[in-house]
file my_file_9.txt (compact mmCIF, C-alpha atoms and all ligand atoms)
# COMPACT_ATOMS: atom_id res chain seq x y z
CA MET K 895 -7.75 34.83 -32.24
CA ILE K 896 -9.52 32.49 -29.88
CA ALA K 897 -13.18 31.43 -30.08
CA VAL K 898 -14.70 30.75 -26.67
CA SER K 899 -17.96 29.08 -25.64
CA ALA K 900 -20.17 31.96 -24.55
CA CYS K 901 -21.48 30.09 -21.49
CA LEU K 902 -17.91 29.87 -20.14
CA LEU K 903 -17.74 33.67 -20.33
CA GLY K 904 -20.93 34.01 -18.30
CA TYR K 905 -23.53 34.50 -21.00
CA PRO K 906 -26.84 32.87 -19.97
CA CYS K 907 -27.14 30.66 -23.07
CA LYS K 908 -27.28 27.21 -21.43
CA TYR K 909 -30.28 24.95 -21.93
CA ASN K 910 -31.54 25.88 -18.45
CA GLY K 911 -31.11 29.61 -18.95
CA GLY K 912 -27.95 29.67 -16.85
CA HIS K 913 -24.24 29.90 -17.64
CA ASN K 914 -20.93 28.15 -16.88
CA LYS K 915 -18.81 31.21 -16.05
CA ASN K 916 -15.30 29.95 -15.45
CA GLN K 917 -12.75 32.18 -13.75
CA LYS K 918 -9.81 30.04 -14.92
CA VAL K 919 -10.87 30.64 -18.52
CA LEU K 920 -11.37 34.37 -17.93
CA ASP K 921 -7.94 34.62 -16.32
CA TRP K 922 -6.33 32.68 -19.19
CA LEU K 923 -7.94 35.03 -21.72
CA LYS K 924 -6.55 38.18 -20.13
CA ASP K 925 -4.42 40.06 -22.67
CA LYS K 926 -5.64 37.74 -25.47
CA GLU K 927 -8.05 38.52 -28.28
CA TYR K 928 -11.16 36.39 -28.35
CA ILE K 929 -14.69 36.15 -29.68
CA CYS K 930 -17.63 34.36 -28.08
CA ILE K 931 -19.56 31.61 -29.80
CA CYS K 932 -22.67 29.61 -28.89
CA PRO K 933 -23.52 27.08 -31.57
CA GLU K 934 -26.92 26.20 -30.14
CA SER K 935 -28.01 29.84 -29.99
CA SER K 936 -26.64 30.36 -33.50
CA GLY K 937 -28.70 27.39 -34.63
CA GLY K 938 -31.86 29.14 -33.53
CA LEU K 939 -32.42 27.41 -30.19
CA SER K 940 -33.72 29.53 -27.35
CA SER K 941 -32.52 29.68 -23.77
CA PRO K 942 -33.95 28.05 -21.78
CA ARG K 943 -34.60 25.03 -24.02
CA THR K 944 -35.17 21.31 -23.59
CA PRO K 945 -31.79 19.60 -23.07
CA ALA K 946 -30.50 17.50 -25.96
CA GLU K 947 -27.84 14.82 -26.40
CA ILE K 948 -26.37 12.88 -29.32
CA VAL K 949 -27.78 9.41 -29.83
CA GLY K 950 -26.08 6.76 -31.97
CA GLY K 951 -22.65 8.34 -32.34
CA ASP K 952 -21.00 11.71 -31.92
CA GLY K 953 -20.85 15.05 -33.69
CA PHE K 954 -18.89 13.67 -36.65
CA ASP K 955 -21.65 11.10 -37.12
CA VAL K 956 -24.36 13.78 -36.88
CA LEU K 957 -22.59 15.79 -39.59
CA ALA K 958 -22.52 12.62 -41.73
CA SER K 959 -26.24 11.91 -41.03
CA LYS K 960 -25.29 8.70 -39.18
CA ALA K 961 -26.48 9.84 -35.72
CA LYS K 962 -29.07 12.26 -34.36
CA VAL K 963 -29.35 14.93 -31.71
CA LEU K 964 -32.53 14.29 -29.76
CA ASP K 965 -33.97 16.45 -27.02
CA LYS K 966 -35.22 14.92 -23.81
CA GLU K 967 -38.75 14.79 -25.23
CA GLY K 968 -37.55 12.81 -28.25
CA ASN K 969 -37.63 15.65 -30.78
CA ASP K 970 -34.95 15.52 -33.48
CA VAL K 971 -32.99 18.78 -33.25
CA SER K 972 -30.08 17.63 -35.41
CA GLN K 973 -30.60 20.27 -38.09
CA ALA K 974 -30.53 23.11 -35.56
CA PHE K 975 -27.24 21.75 -34.18
CA ILE K 976 -25.78 21.42 -37.69
CA ASN K 977 -26.93 24.93 -38.64
CA GLY K 978 -25.39 26.25 -35.44
CA ALA K 979 -22.13 24.44 -36.10
CA MET K 980 -21.93 25.90 -39.60
CA ALA K 981 -22.68 29.42 -38.35
CA THR K 982 -20.05 29.00 -35.64
CA LEU K 983 -17.41 27.88 -38.13
CA LYS K 984 -18.25 30.83 -40.37
CA LYS K 985 -17.91 33.28 -37.45
CA ALA K 986 -14.63 31.70 -36.32
CA GLN K 987 -13.18 31.86 -39.83
CA LYS K 988 -14.40 35.44 -40.37
CA HIS K 989 -12.49 36.53 -37.27
CA GLY K 990 -9.40 34.46 -38.04
CA ALA K 991 -9.72 32.17 -35.04
CA ASP K 992 -7.27 29.28 -34.92
CA THR K 993 -7.97 28.01 -31.39
CA CYS K 994 -11.17 27.35 -29.45
CA ILE K 995 -11.94 26.97 -25.77
CA LEU K 996 -15.13 24.96 -25.64
CA LYS K 997 -17.42 23.76 -22.87
CA ALA K 998 -16.53 20.19 -21.98
CA LYS K 999 -19.02 17.34 -22.61
CA SER K 1000 -21.64 19.45 -24.43
CA PRO K 1001 -23.43 17.91 -27.45
CA SER K 1002 -22.31 20.98 -29.40
CA CYS K 1003 -19.03 21.96 -27.79
CA GLY K 1004 -17.66 18.77 -26.18
CA VAL K 1005 -14.07 17.83 -27.10
CA GLY K 1006 -13.16 14.14 -26.85
CA THR K 1007 -15.91 13.39 -24.33
CA ILE K 1008 -19.65 14.06 -24.58
CA TYR K 1009 -22.79 13.07 -22.70
CA ASP K 1010 -23.84 9.61 -23.79
CA GLY K 1011 -27.41 10.23 -24.95
CA THR K 1012 -29.15 8.80 -21.88
CA PHE K 1013 -29.60 12.11 -20.00
CA SER K 1014 -28.08 10.43 -16.98
CA GLY K 1015 -24.93 12.52 -16.69
CA CYS K 1016 -22.84 9.62 -18.06
CA THR K 1017 -20.35 10.32 -20.84
CA LYS K 1018 -18.87 8.58 -23.89
CA PRO K 1019 -15.88 9.32 -26.11
CA GLY K 1020 -16.61 11.74 -28.93
CA PHE K 1021 -17.03 15.32 -30.06
CA GLY K 1022 -19.99 17.67 -30.07
CA VAL K 1023 -21.42 18.71 -33.41
CA ALA K 1024 -19.78 22.15 -33.58
CA ALA K 1025 -16.53 20.84 -32.13
CA ALA K 1026 -16.44 18.16 -34.83
CA LEU K 1027 -16.92 20.71 -37.62
CA LEU K 1028 -14.33 23.07 -36.15
CA LYS K 1029 -11.87 20.18 -35.85
CA GLN K 1030 -12.56 19.06 -39.42
CA ASN K 1031 -11.58 22.56 -40.49
CA GLY K 1032 -8.27 22.56 -38.66
CA LEU K 1033 -8.97 24.57 -35.51
CA LYS K 1034 -7.21 23.59 -32.28
CA LEU K 1035 -9.73 22.63 -29.61
CA LEU K 1036 -9.34 22.96 -25.85
CA THR K 1037 -11.85 22.85 -23.01
CA GLU K 1038 -11.99 24.55 -19.64
CA GLU K 1039 -10.78 21.23 -18.23
CA ASN K 1040 -7.51 20.99 -20.16
CA LEU K 1041 -6.33 24.59 -20.39
CA SER K 1042 -2.65 24.69 -19.58
S1 LIG F 1 -21.89 24.51 -24.33
FE1 LIG F 1 -21.73 25.50 -26.33
S2 LIG F 1 -23.78 25.38 -27.23
FE2 LIG F 1 -23.99 24.93 -25.04
S3 LIG F 1 -24.50 26.91 -24.10
FE3 LIG F 1 -22.27 26.69 -24.01
S4 LIG F 1 -21.55 27.69 -25.87
FE4 LIG F 1 -23.71 27.33 -26.17

call {"tool": "encode", "arguments": {"input": "my_file_9.txt", "output": "structure tokens"}}
result
Amino acid sequence: MIAVSACLLGYPCKYNGGHNKNQKVLDWLKDKEYICICPESSGGLSSPRTPAEIVGGDGFDVLASKAKVLDKEGNDVSQAFINGAMATLKKAQKHGADTCILKAKSPSCGVGTIYDGTFSGCTKPGFGVAAALLKQNGLKLLTEENLS
């Protein structure tokens, strides 16, 4: 079973009310079983919402209370991201998922690279909050950018 970022499937759950529908991902998923996940929606955040990025570290640091997720207005939304990550892990485990295809660079879903906390489009090494928790629990993580 594969868990896939809902925005990649075309669900309008992005911060701006849009989606990231990706035909390569949809083609890759043909004949495979998958579930959709959106950690930020699962954490109670609405769409549209104020964009947020991780400041002072990455998702592993947020889970360890060493970094924060701040929205562009400076509000601390770390707990919503953590709640969403935990709900996402629970859903993935309930459905027996062992692999995830996650949206690259997102503060929730980013794998190996995330936006750097300056809201400038620049990136830094690291994982999103949900990606970090999924990785800690042994799931294999891919993004739409490194699907083989
Ligand atoms: S990147 Fe992740 S948290 Fe953000 S909209 Fe897509 S699925 Fe939801």

call {"tool": "residues_near_ligand", "arguments": {"input": "my_file_9.txt", "ligand": "ligand LIG 1 (chain F)", "cutoff": "7 Å", "atoms": "all atoms listed in the file", "output": "PyMOL selection string"}}
result
chain K and resi 899-902+907-909+931-935+996-997+1000+1002-1003

call {"tool": "atom_distance", "arguments": {"input": "my_file_9.txt", "atom1": "atom CA of K:Leu1035", "atom2": "atom CA of K:Gly1004"}}
result
9.5 Å

call {"tool": "residues_around", "arguments": {"input": "my_file_9.txt", "residues": "stretch 989-992 of chain K", "least_positions_apart": "2", "cutoff": "12 Å", "atoms": "all atoms listed in the file", "output": "PDB file with C-alpha atoms, keeping the file's coordinate frame"}}
result
ATOM      1  CA  MET K 895      -7.750  34.830 -32.240  1.00  0.00           C
ATOM      2  CA  ILE K 896      -9.520  32.490 -29.880  1.00  0.00           C
ATOM      3  CA  ALA K 897     -13.180  31.430 -30.080  1.00  0.00           C
ATOM      4  CA  VAL K 898     -14.700  30.750 -26.670  1.00  0.00           C
ATOM      5  CA  LYS K 926      -5.640  37.740 -25.470  1.00  0.00           C
ATOM      6  CA  GLU K 927      -8.050  38.520 -28.280  1.00  0.00           C
ATOM      7  CA  TYR K 928     -11.160  36.390 -28.350  1.00  0.00           C
ATOM      8  CA  ILE K 929     -14.690  36.150 -29.680  1.00  0.00           C
ATOM      9  CA  CYS K 930     -17.630  34.360 -28.080  1.00  0.00           C
ATOM     10  CA  ILE K 931     -19.560  31.610 -29.800  1.00  0.00           C
ATOM     11  CA  THR K 982     -20.050  29.000 -35.640  1.00  0.00           C
ATOM     12  CA  LEU K 983     -17.410  27.880 -38.130  1.00  0.00           C
ATOM     13  CA  LYS K 984     -18.250  30.830 -40.370  1.00  0.00           C
ATOM     14  CA  LYS K 985     -17.910  33.280 -37.450  1.00  0.00           C
ATOM     15  CA  ALA K 986     -14.630  31.700 -36.320  1.00  0.00           C
ATOM     16  CA  GLN K 987     -13.180  31.860 -39.830  1.00  0.00           C
ATOM     17  CA  CYS K 994     -11.170  27.350 -29.450  1.00  0.00           C
ATOM     18  CA  ILE K 995     -11.940  26.970 -25.770  1.00  0.00           C
ATOM     19  CA  LEU K1028     -14.330  23.070 -36.150  1.00  0.00           C
ATOM     20  CA  LYS K1029     -11.870  20.180 -35.850  1.00  0.00           C
ATOM     21  CA  ASN K1031     -11.580  22.560 -40.490  1.00  0.00           C
ATOM     22  CA  GLY K1032      -8.270  22.560 -38.660  1.00  0.00           C
ATOM     23  CA  LEU K1033      -8.970  24.570 -35.510  1.00  0.00           C
ATOM     24  CA  LYS K1034      -7.210  23.590 -32.280  1.00  0.00           C
ATOM     25  CA  LEU K1035      -9.730  22.630 -29.610  1.00  0.00           C
ATOM     26  CA  LEU K1036      -9.340  22.960 -25.850  1.00  0.00           C
TER      27      LEU K1036
END

call {"tool": "residues_around", "arguments": {"input": "my_file_9.txt", "residues": "stretch 957-960 of chain K", "least_positions_apart": "6", "cutoff": "10 Å", "atoms": "all atoms listed in the file", "output": "number ranges by chain"}}
result
K: 949-951, 972-973, 975-976, 979, 1023-1024, 1026-1027

call {"tool": "closest_residue", "arguments": {"input": "my_file_9.txt", "among": "K:Ala974, K:Leu1041, K:Met980, K:Ile948", "to": "K:Lys1018", "atoms": "only C-alpha atoms"}}
result
K:Ile948

call {"tool": "atom_distance", "arguments": {"input": "my_file_9.txt", "atom1": "atom CA of K:Arg943", "atom2": "atom CA of K:Gly911"}}
result
7.7 Å

call {"tool": "atom_distance", "arguments": {"input": "my_file_9.txt", "atom1": "atom CA of K:Lys962", "atom2": "atom CA of K:Gly1022"}}
result
11.4 Å

call {"tool": "residues_near_point", "arguments": {"input": "my_file_9.txt", "point": "(-14.5, 13.7, -23.3)", "cutoff": "9 Å", "atoms": "only C-alpha atoms", "output": "PyMOL selection string"}}
result
chain K and resi 998-999+1004-1009+1017-1021

call {"tool": "closest_residue", "arguments": {"input": "my_file_9.txt", "among": "K:Gly904, K:Gly912, K:Gly978, K:Gly968", "to": "K:Pro942", "atoms": "all atoms listed in the file"}}
result
K:Gly912

call {"tool": "closest_residue", "arguments": {"input": "my_file_9.txt", "among": "K:Gly937, K:Ser1042, K:Gln1030, K:Ala1025", "to": "K:Ala981", "atoms": "only C-alpha atoms"}}
result
K:Gly937
